[in-house]
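Here is target_10.txt, consisting of compact mmCIF, C-alpha atoms:
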# COMPACT_ATOMS: atom_id res chain seq x y z
CA MET W 5 98.52 77.32 -46.54
CA ILE W 6 101.27 77.27 -43.91
CA LEU W 7 99.20 74.75 -41.96
CA ALA W 8 98.92 72.45 -45.01
CA ILE W 9 102.70 72.60 -45.59
CA ASP W 10 103.19 71.84 -41.90
CA ILE W 11 100.98 68.75 -42.09
CA VAL W 12 102.66 67.43 -45.25
CA LEU W 13 106.13 67.92 -43.76
CA LEU W 14 105.11 66.17 -40.55
CA VAL W 15 103.74 63.22 -42.58
CA LEU W 16 107.03 63.02 -44.50
CA LEU W 17 108.85 63.14 -41.17
CA ALA W 18 106.82 60.20 -39.88
CA VAL W 19 107.51 58.23 -43.08
CA VAL W 20 111.26 58.83 -42.73
CA GLY W 21 111.14 57.86 -39.07
CA ILE W 22 109.38 54.57 -39.77
CA ALA W 23 111.77 53.84 -42.64
CA ILE W 24 114.77 54.45 -40.35
CA ILE W 25 113.36 51.85 -37.96
CA ARG W 26 112.56 49.30 -40.67
CA LEU W 27 115.64 49.54 -42.91
CA ARG W 28 118.60 47.24 -42.21
CA ASN W 29 121.04 48.96 -44.58
CA LEU W 30 122.92 51.30 -42.24
CA PHE W 31 124.20 53.60 -44.98
CA ALA W 32 120.60 54.23 -46.04
CA VAL W 33 119.72 54.91 -42.40
CA VAL W 34 122.49 57.54 -42.16
CA MET W 35 121.28 59.22 -45.34
CA LEU W 36 117.68 59.13 -44.11
CA SER W 37 118.62 60.67 -40.78
CA GLY W 38 120.23 63.53 -42.71
CA ILE W 39 116.98 63.93 -44.66
CA TYR W 40 115.07 63.82 -41.36
CA SER W 41 117.13 66.76 -40.07
CA LEU W 42 116.51 68.75 -43.24
CA LEU W 43 112.75 68.19 -42.97
CA MET W 44 112.92 69.14 -39.30
CA ALA W 45 114.77 72.34 -40.27
CA CYS W 46 111.91 73.19 -42.67
CA ILE W 47 109.42 72.73 -39.84
CA PHE W 48 111.49 74.95 -37.53
CA VAL W 49 111.51 77.66 -40.22
CA LEU W 50 107.73 77.34 -40.45
CA LEU W 51 107.59 77.81 -36.68
CA ASP W 52 109.64 81.02 -37.17
CA ALA W 53 112.64 79.60 -35.28
CA VAL W 54 115.20 80.27 -37.99
CA ASP W 55 118.24 80.04 -35.74
CA VAL W 56 117.14 76.66 -34.35
CA ALA W 57 116.50 75.50 -37.91
CA PHE W 58 119.98 76.48 -38.94
CA THR W 59 121.54 74.67 -36.00
CA GLU W 60 119.46 71.60 -36.77
CA ALA W 61 120.57 71.58 -40.40
CA ALA W 62 124.25 72.21 -39.60
CA VAL W 63 124.48 69.70 -36.75
CA GLY W 64 121.85 67.13 -37.80
CA ALA W 65 122.32 67.01 -41.56
CA GLY W 66 125.97 68.12 -41.69
CA ILE W 67 128.12 67.10 -38.76
CA SER W 68 126.23 64.05 -37.49
CA THR W 69 125.96 62.55 -40.98
CA VAL W 70 129.74 62.79 -41.33
CA LEU W 71 130.29 61.43 -37.81
CA MET W 72 127.90 58.53 -38.47
CA LEU W 73 129.70 57.75 -41.72
CA GLY W 74 132.96 57.72 -39.77
CA VAL W 75 131.41 55.22 -37.37
CA LEU W 76 130.10 53.21 -40.32
CA ALA W 77 133.65 52.93 -41.65
CA LEU W 78 134.54 51.08 -38.43
CA THR W 79 131.66 48.63 -38.46
CA LYS W 80 129.53 46.53 -40.79
CA ASN W 81 127.12 47.95 -43.29
CA ARG W 82 124.09 45.88 -42.31
CA GLU W 83 122.23 45.81 -39.05
CA LYS W 84 121.74 42.41 -37.44
CA ILE W 85 118.20 41.13 -36.97
CA PRO W 86 117.33 41.78 -33.32
CA VAL W 87 116.61 38.67 -31.27
CA THR W 88 114.64 40.32 -28.46
CA THR W 89 111.03 41.41 -28.81
CA PRO W 90 110.51 45.18 -28.87
CA LEU W 91 107.52 45.03 -26.50
CA LEU W 92 109.13 46.51 -23.36
CA PRO W 93 110.87 49.39 -25.20
CA LEU W 94 107.61 50.09 -27.04
CA VAL W 95 105.68 50.35 -23.79
CA THR W 96 108.39 52.55 -22.25
CA VAL W 97 108.38 54.91 -25.24
CA LEU W 98 104.57 55.09 -25.33
CA VAL W 99 104.33 55.85 -21.61
CA THR W 100 107.11 58.48 -21.77
CA GLY W 101 105.56 60.08 -24.84
CA GLY W 102 102.14 60.12 -23.17
CA LEU W 103 103.57 61.77 -20.07
CA LEU W 104 105.35 64.42 -22.17
CA ILE W 105 102.15 65.19 -24.10
CA TYR W 106 100.29 65.38 -20.78
CA GLY W 107 102.96 67.85 -19.61
CA THR W 108 102.30 70.14 -22.61
CA TRP W 109 98.67 70.66 -21.53
CA ASP W 110 99.79 73.12 -18.87
CA LEU W 111 101.95 75.16 -21.26
CA PRO W 112 100.67 78.50 -22.59
CA ALA W 113 99.42 78.48 -26.19
CA PHE W 114 101.97 78.79 -29.01
CA GLY W 115 102.83 82.47 -29.57
CA ASP W 116 100.71 83.67 -26.64
CA PRO W 117 101.98 87.22 -25.83
CA ASN W 118 100.84 86.85 -22.20
CA ALA W 119 102.95 83.74 -21.57
CA PRO W 120 105.18 84.19 -18.49
CA ILE W 121 108.36 83.94 -20.55
CA HIS W 122 107.37 87.06 -22.50
CA LEU W 123 106.57 89.13 -19.38
CA HIS W 124 109.75 88.75 -17.30
CA VAL W 125 112.82 90.40 -18.86
CA ALA W 126 111.87 90.40 -22.55
CA PRO W 127 110.15 93.84 -22.47
CA ALA W 128 113.23 95.37 -20.85
CA TYR W 129 115.51 93.80 -23.50
CA LEU W 130 113.23 95.06 -26.27
CA ALA W 131 113.07 98.56 -24.81
CA GLU W 132 116.69 99.03 -23.75
CA GLY W 133 118.60 96.47 -25.84
CA GLU W 134 119.67 98.69 -28.72
CA HIS W 135 120.56 101.57 -26.43
CA GLU W 136 122.47 99.45 -23.90
CA THR W 137 124.41 97.12 -26.22
CA GLY W 138 124.49 98.94 -29.55
CA ALA W 139 123.44 95.78 -31.41
CA PRO W 140 120.50 96.39 -33.77
CA ASN W 141 119.43 92.72 -33.69
CA ILE W 142 117.84 91.87 -30.36
CA VAL W 143 118.82 88.18 -30.54
CA THR W 144 122.44 89.18 -31.03
CA ALA W 145 122.16 91.62 -28.14
CA VAL W 146 120.83 88.92 -25.79
CA LEU W 147 123.20 86.14 -26.88
CA ALA W 148 126.42 88.10 -27.24
CA SER W 149 125.97 90.78 -24.61
CA TYR W 150 123.41 90.03 -21.90
CA ARG W 151 124.33 86.34 -21.85
CA GLY W 152 127.88 86.80 -23.07
CA TYR W 153 129.56 84.63 -20.43
CA ASP W 154 126.94 81.90 -20.94
CA THR W 155 127.63 81.86 -24.68
CA LEU W 156 131.37 81.81 -24.06
CA GLY W 157 130.90 78.75 -21.84
CA GLU W 158 128.77 77.00 -24.47
CA VAL W 159 131.35 77.68 -27.18
CA THR W 160 134.09 76.32 -24.92
CA VAL W 161 132.10 73.14 -24.27
CA ILE W 162 131.41 72.61 -27.98
CA PHE W 163 135.04 73.29 -28.88
CA THR W 164 136.25 70.77 -26.30
CA ALA W 165 133.74 68.16 -27.46
CA GLY W 166 134.79 68.70 -31.08
CA ILE W 167 138.48 68.21 -30.25
CA GLY W 168 137.62 65.07 -28.26
CA VAL W 169 135.59 63.56 -31.09
CA LEU W 170 138.31 64.38 -33.63
CA LEU W 171 140.98 62.74 -31.47
CA LEU W 172 138.82 59.64 -30.88
CA LEU W 173 137.92 59.28 -34.56
CA SER W 174 141.44 59.75 -35.91
CA GLY W 175 142.94 57.37 -33.31
CA GLY W 176 140.24 54.74 -33.90
CA LEU W 177 140.49 54.89 -37.67
CA GLY W 178 144.28 54.56 -37.65
CA ARG W 179 144.19 51.51 -35.39
CA ARG W 180 141.45 49.76 -37.34
CA ARG W 181 143.03 50.36 -40.72
CA ARG W 182 146.24 48.59 -39.74
CA ASP W 183 144.65 45.29 -38.68
CA PRO W 184 141.05 45.08 -39.87
CA ASP W 185 140.33 41.42 -39.10
CA GLU W 186 142.92 40.50 -36.50
CA PRO W 187 141.19 38.95 -33.51
CA ASN W 188 142.52 40.60 -30.30
CA SER W 189 146.05 39.21 -30.55
CA GLY W 190 148.85 40.67 -28.46
CA GLY W 191 147.89 43.54 -26.17
CA GLY W 192 144.75 44.67 -27.92
CA GLY W 193 144.06 46.88 -24.93
CA ALA W 194 140.40 45.85 -24.81
CA SER W 195 139.35 46.13 -21.21
CA MET B 67 101.90 82.01 -56.96
CA PHE B 68 104.30 81.29 -54.09
CA ALA B 69 101.83 78.73 -52.75
CA ALA B 70 101.94 76.86 -56.06
CA ALA B 71 105.74 76.94 -55.98
CA ALA B 72 105.71 75.57 -52.44
CA ILE B 73 103.39 72.72 -53.46
CA GLY B 74 105.62 71.90 -56.43
CA ILE B 75 108.72 71.85 -54.24
CA ILE B 76 107.05 69.60 -51.67
CA VAL B 77 105.93 67.15 -54.38
CA THR B 78 109.50 67.00 -55.73
CA MET B 79 110.78 66.51 -52.19
CA THR B 80 108.42 63.56 -51.78
CA PHE B 81 109.76 61.93 -54.94
CA ALA B 82 113.36 62.42 -53.77
CA LEU B 83 112.36 60.90 -50.45
CA LEU B 84 110.90 57.86 -52.23
CA ARG B 85 114.20 57.41 -54.06
CA ALA B 86 116.04 57.57 -50.73
CA LEU B 87 113.72 54.90 -49.33
CA LEU B 88 113.75 52.57 -52.34
CA GLY B 89 117.12 53.44 -53.92
CA PRO B 90 118.90 50.16 -54.56
CA THR B 91 122.43 51.61 -54.70
CA THR B 92 124.39 53.86 -52.35
CA PHE B 93 124.59 56.61 -54.94
CA ASP B 94 120.82 56.78 -55.39
CA ARG B 95 120.57 57.54 -51.70
CA ILE B 96 123.35 60.15 -51.69
CA LEU B 97 121.72 61.86 -54.65
CA ALA B 98 118.33 61.72 -52.96
CA ALA B 99 119.71 63.28 -49.77
CA ASN B 100 121.37 66.00 -51.84
CA MET B 101 118.07 66.54 -53.67
CA VAL B 102 116.15 66.91 -50.41
CA GLY B 103 118.77 69.42 -49.24
CA THR B 104 118.32 71.45 -52.43
CA LYS B 105 114.55 71.34 -52.05
CA THR B 106 114.92 72.49 -48.43
CA THR B 107 116.89 75.49 -49.67
CA LEU B 108 114.20 76.32 -52.23
CA LEU B 109 111.36 75.73 -49.78
CA ILE B 110 112.90 78.09 -47.21
CA ALA B 111 113.33 80.75 -49.89
CA VAL B 112 109.69 80.37 -51.00
CA LEU B 113 108.44 80.28 -47.40
CA GLY B 114 110.22 83.60 -46.80
CA PHE B 115 108.12 85.25 -49.50
CA LEU B 116 105.00 83.34 -48.48
CA ALA B 117 105.31 84.69 -44.92
CA ASP B 118 106.35 88.19 -46.09
CA ARG B 119 109.87 87.84 -44.72
CA PRO B 120 112.15 87.92 -47.76
CA GLU B 121 115.26 88.05 -45.55
CA PHE B 122 114.93 84.26 -45.32
CA LEU B 123 116.65 84.28 -48.73
CA ASP B 124 120.03 84.81 -47.02
CA ILE B 125 119.43 81.77 -44.81
CA ALA B 126 118.54 79.71 -47.87
CA LEU B 127 121.90 80.68 -49.40
CA ILE B 128 123.74 79.37 -46.33
CA TYR B 129 121.78 76.11 -46.58
CA ALA B 130 122.94 75.75 -50.19
CA LEU B 131 126.59 76.14 -49.12
CA MET B 132 126.19 73.67 -46.26
CA ASN B 133 124.45 71.11 -48.45
CA PHE B 134 127.34 71.29 -50.90
CA ILE B 135 129.94 70.73 -48.17
CA ALA B 136 127.97 67.85 -46.63
CA VAL B 137 127.68 66.04 -49.96
CA ILE B 138 131.42 66.51 -50.60
CA ALA B 139 132.10 64.93 -47.19
CA VAL B 140 129.77 61.98 -47.89
CA MET B 141 131.36 61.42 -51.31
CA ARG B 142 134.83 61.44 -49.77
CA TYR B 143 133.83 58.82 -47.22
CA THR B 144 132.19 56.73 -49.93
CA GLN B 145 135.35 56.95 -52.00
CA TYR B 146 137.93 56.25 -49.29
CA GLY B 147 135.93 54.57 -46.52
CA GLU B 148 135.44 50.84 -46.11
CA PHE B 149 131.76 50.70 -46.96
CA VAL B 150 131.79 51.28 -50.72
CA SER B 151 129.85 48.10 -51.40
CA SER B 152 126.22 48.30 -50.29
CA GLN B 153 126.21 44.50 -49.99
CA GLY B 154 128.35 44.51 -46.84
CA GLY B 155 129.02 41.31 -44.92
CA THR B 156 126.06 40.06 -42.89
CA LYS B 157 128.09 37.86 -40.59
In C-alpha cells, write the structure found in this file.
Amino acid sequence: MILAIDIVLLVLLAVVGIAIIRLRNLFAVVMLSGIYSLLMACIFVLLDAVDVAFTEAAVGAGISTVLMLGVLALTKNREKIPVTTPLLPLVTVLVTGGLLIYGTWDLPAFGDPNAPIHLHVAPAYLAEGEHETGAPNIVTAVLASYRGYDTLGEVTVIFTAGIGVLLLLSGGLGRRRRDPDEPNSGGGGAS
Amino acid sequence: MFAAAAIGIIVTMTFALLRALLGPTTFDRILAANMVGTKTTLLIAVLGFLADRPEFLDIALIYALMNFIAVIAVMRYTQYGEFVSSQGGTK
C-alpha cells in the first residue's frame, strides 16, 4: 500500500516538474513549485523522515513561494521564449544524473541496520542519550546537546541570510516602486 | 479503511493538481495550491494511522497552520503586488 502511494506521488511529482518546464506563466510556475514541495514533503513522510518533510514544506512551500512572489513583483509575469537550443544543458543534466545514480550503487540498502552510519556513534547515543542529556527524544538530544554548537552555527547562518534577504527585498521593492519604467536616467547605480 | 481514505485523498490531490496546471486565472492556481496543501495535511494524518504512528497527527496540524499562513502571504502579494493581471506584458 505504502509502495503504491509512493509510486503515485512520484508520478505526480514528475508531472509537476514537466509542467514547470513547459509553462510560460511565471505565477503558475511559482504556485506549481509550492505544490512540488508539498508533494515532496509527503514523500519524505513516507520515507519516515518527518523532520526533513517539515523543513521542506516550511522552506519550499512557505518561504520560497513568498520570496519568488517578491521577485515576480519586480519582473514580468511571462517567461520569454528561449532562443538557444536546450541540447547541451540536456546532455549535461543526463550525464550528471547518470553519474549520481551510478554513485548510489555503492550505498548500503535503505534502512539497512548494518550500514556504517548506524554502527559508529549511534548505538552510544541510543544507550546513553537519555541519561547524559536528559532529553527523552533522541533526535533532540543529538541536535541540541551533542551537536549543540553545530546547531547554533546553523541558526546563526540562517538568521544572517534571512536578514540579508529581507534588506535586499525591501530596498529593491522601494526603489522599483518609485520609478517603474524609467530607463537608467541619472545615477542609476547599475554597474 | 485508512487505505481507502488515502486513495480518496490522492485522487482529490490529482484533481487539484490538474486545476493548477490548467487553471486559466491566477485565483484558480492559488486555490489549487491551497487545496494540495490541505490534502497534504490530510494525507500525512492518514499515513500516520496507516503506518501505526498516530503521533503524525500533530505534524499534520502544523502543516495546516503553515498552509494557512502561506496562502495569506500569496493573497497579500496578489492584492498589493504588481502582477495582479495574469496577462502580463510579453515585451
Practice task
Please indicate the distance in Å from CA of Thr69 (chain W) to CA of Leu17 (chain W), rounded to one decimal place.
Solution key: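 We find that CA of Thr69 (chain W) and CA of Leu17 (chain W) lie 17.1 Å from each other.
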Practice task
May I ask for the distance between CA of Ser68 (chain W) and CA of Ala98 (chain B), given in Å to one decimal place?
Solution key: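 Between CA of Ser68 (chain W) and CA of Ala98 (chain B) the gap works out to 17.5 Å.
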Practice task
Pick out the closest residue to chain B from this set: W:Thr96, W:Thr59, W:Ser41, W:Asn81. Count all atoms listed in the file.
Solution key: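 Looking only at the distances to chain B, the closest residue turns out to be W:Asn81.
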Problem - CA of Ala65 (chain W) to CA of Val112 (chain B), straight-line distance in Å - result: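 Value for the CA of Val112 (chain B)-CA of Ala65 (chain W) distance: 20.7 Å.
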Practice task
Would you mind telling me which residue in B:Ala71, B:Val77, B:Val102, B:Leu131 lies nearest to chain W when using all atoms listed in the file?
Solution key: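 The shortest atom-to-atom distance to chain W comes from B:Val102.
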Exercise for the section: Excluding Met141 (chain B) and any residue of its chain fewer than 2 positions from it, enumerate the residues within 12 Å of it, using only C-alpha atoms, and give them as a VMD selection string. Expected result: (chain W and resid 35 69 to 70 73) or (chain B and resid 92 to 93 95 to 97 99 to 100 134 to 139 143 to 147 149 to 150)
Closest atom pairs, residues of chain W within 9 Å of chain B, all atoms listed in the file, as a tab-separated table:
residue	atom	partner	partner_atom	distance
W:Met5	CA	B:Ala69	CA	7.2
W:Ile6	CA	B:Leu116	CA	8.5
W:Ile9	CA	B:Ile73	CA	7.9
W:Val12	CA	B:Ile76	CA	8.1
W:Leu13	CA	B:Ile76	CA	8.1
W:Leu16	CA	B:Thr80	CA	7.4
W:Val20	CA	B:Leu87	CA	8.1
W:Ala23	CA	B:Leu87	CA	7.0
W:Leu27	CA	B:Leu87	CA	8.6
W:Asn29	CA	B:Ser152	CA	7.7
W:Phe31	CA	B:Thr92	CA	7.4
W:Ala32	CA	B:Arg95	CA	6.6
W:Met35	CA	B:Ala99	CA	6.2
W:Leu36	CA	B:Ala86	CA	7.0
W:Gly38	CA	B:Ala99	CA	7.1
W:Ile39	CA	B:Ala99	CA	5.8
W:Leu42	CA	B:Gly103	CA	6.4
W:Leu43	CA	B:Thr106	CA	7.3
W:Ala45	CA	B:Thr106	CA	8.2
W:Cys46	CA	B:Thr106	CA	6.5
W:Val49	CA	B:Ile110	CA	7.1
W:Leu50	CA	B:Leu113	CA	7.6
W:Val54	CA	B:Ile125	CA	8.2
W:Phe58	CA	B:Tyr129	CA	7.9
W:Ala61	CA	B:Tyr129	CA	7.8
W:Ala62	CA	B:Met132	CA	7.1
W:Ala65	CA	B:Ala136	CA	7.6
W:Gly66	CA	B:Ala136	CA	5.3
W:Ile67	CA	B:Ala136	CA	7.9
W:Thr69	CA	B:Val140	CA	7.9
W:Val70	CA	B:Val140	CA	6.6
W:Leu73	CA	B:Tyr143	CA	7.0
W:Gly74	CA	B:Tyr143	CA	7.6
W:Leu76	CA	B:Phe149	CA	7.3
W:Ala77	CA	B:Glu148	CA	5.2
W:Leu78	CA	B:Glu148	CA	7.7
W:Thr79	CA	B:Phe149	CA	8.7
W:Lys80	CA	B:Gly154	CA	6.5
W:Asn81	CA	B:Gly154	CA	5.1
W:Arg82	CA	B:Thr156	CA	6.2
W:Glu83	CA	B:Thr156	CA	7.9
W:Lys84	CA	B:Thr156	CA	7.3
Problem - For Pro90 (chain W), the nearest of the candidates W:Ile25, W:Ala131, W:Ala126, W:Ile47, counting all atoms listed in the file - result: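 Looking only at the distances to Pro90 (chain W), the closest residue turns out to be W:Ile25.
Counting only C-alpha atoms, the residue from W:Leu123, W:Ala53, W:Val159, W:Leu30 that sits nearest to Val75 (chain W) is W:Leu30.
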Problem - Residue neighbourhood region 138-140 of chain W, 12 Å, all atoms listed in the file, exclusion window fewer than 6 positions, as a list in words - result: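 Neighbouring residues, sequence-local ones excluded: Tyr129, Leu130, Ala131, Glu132, Val146, Leu147, Ala148, Ser149 and Tyr150 of chain W.
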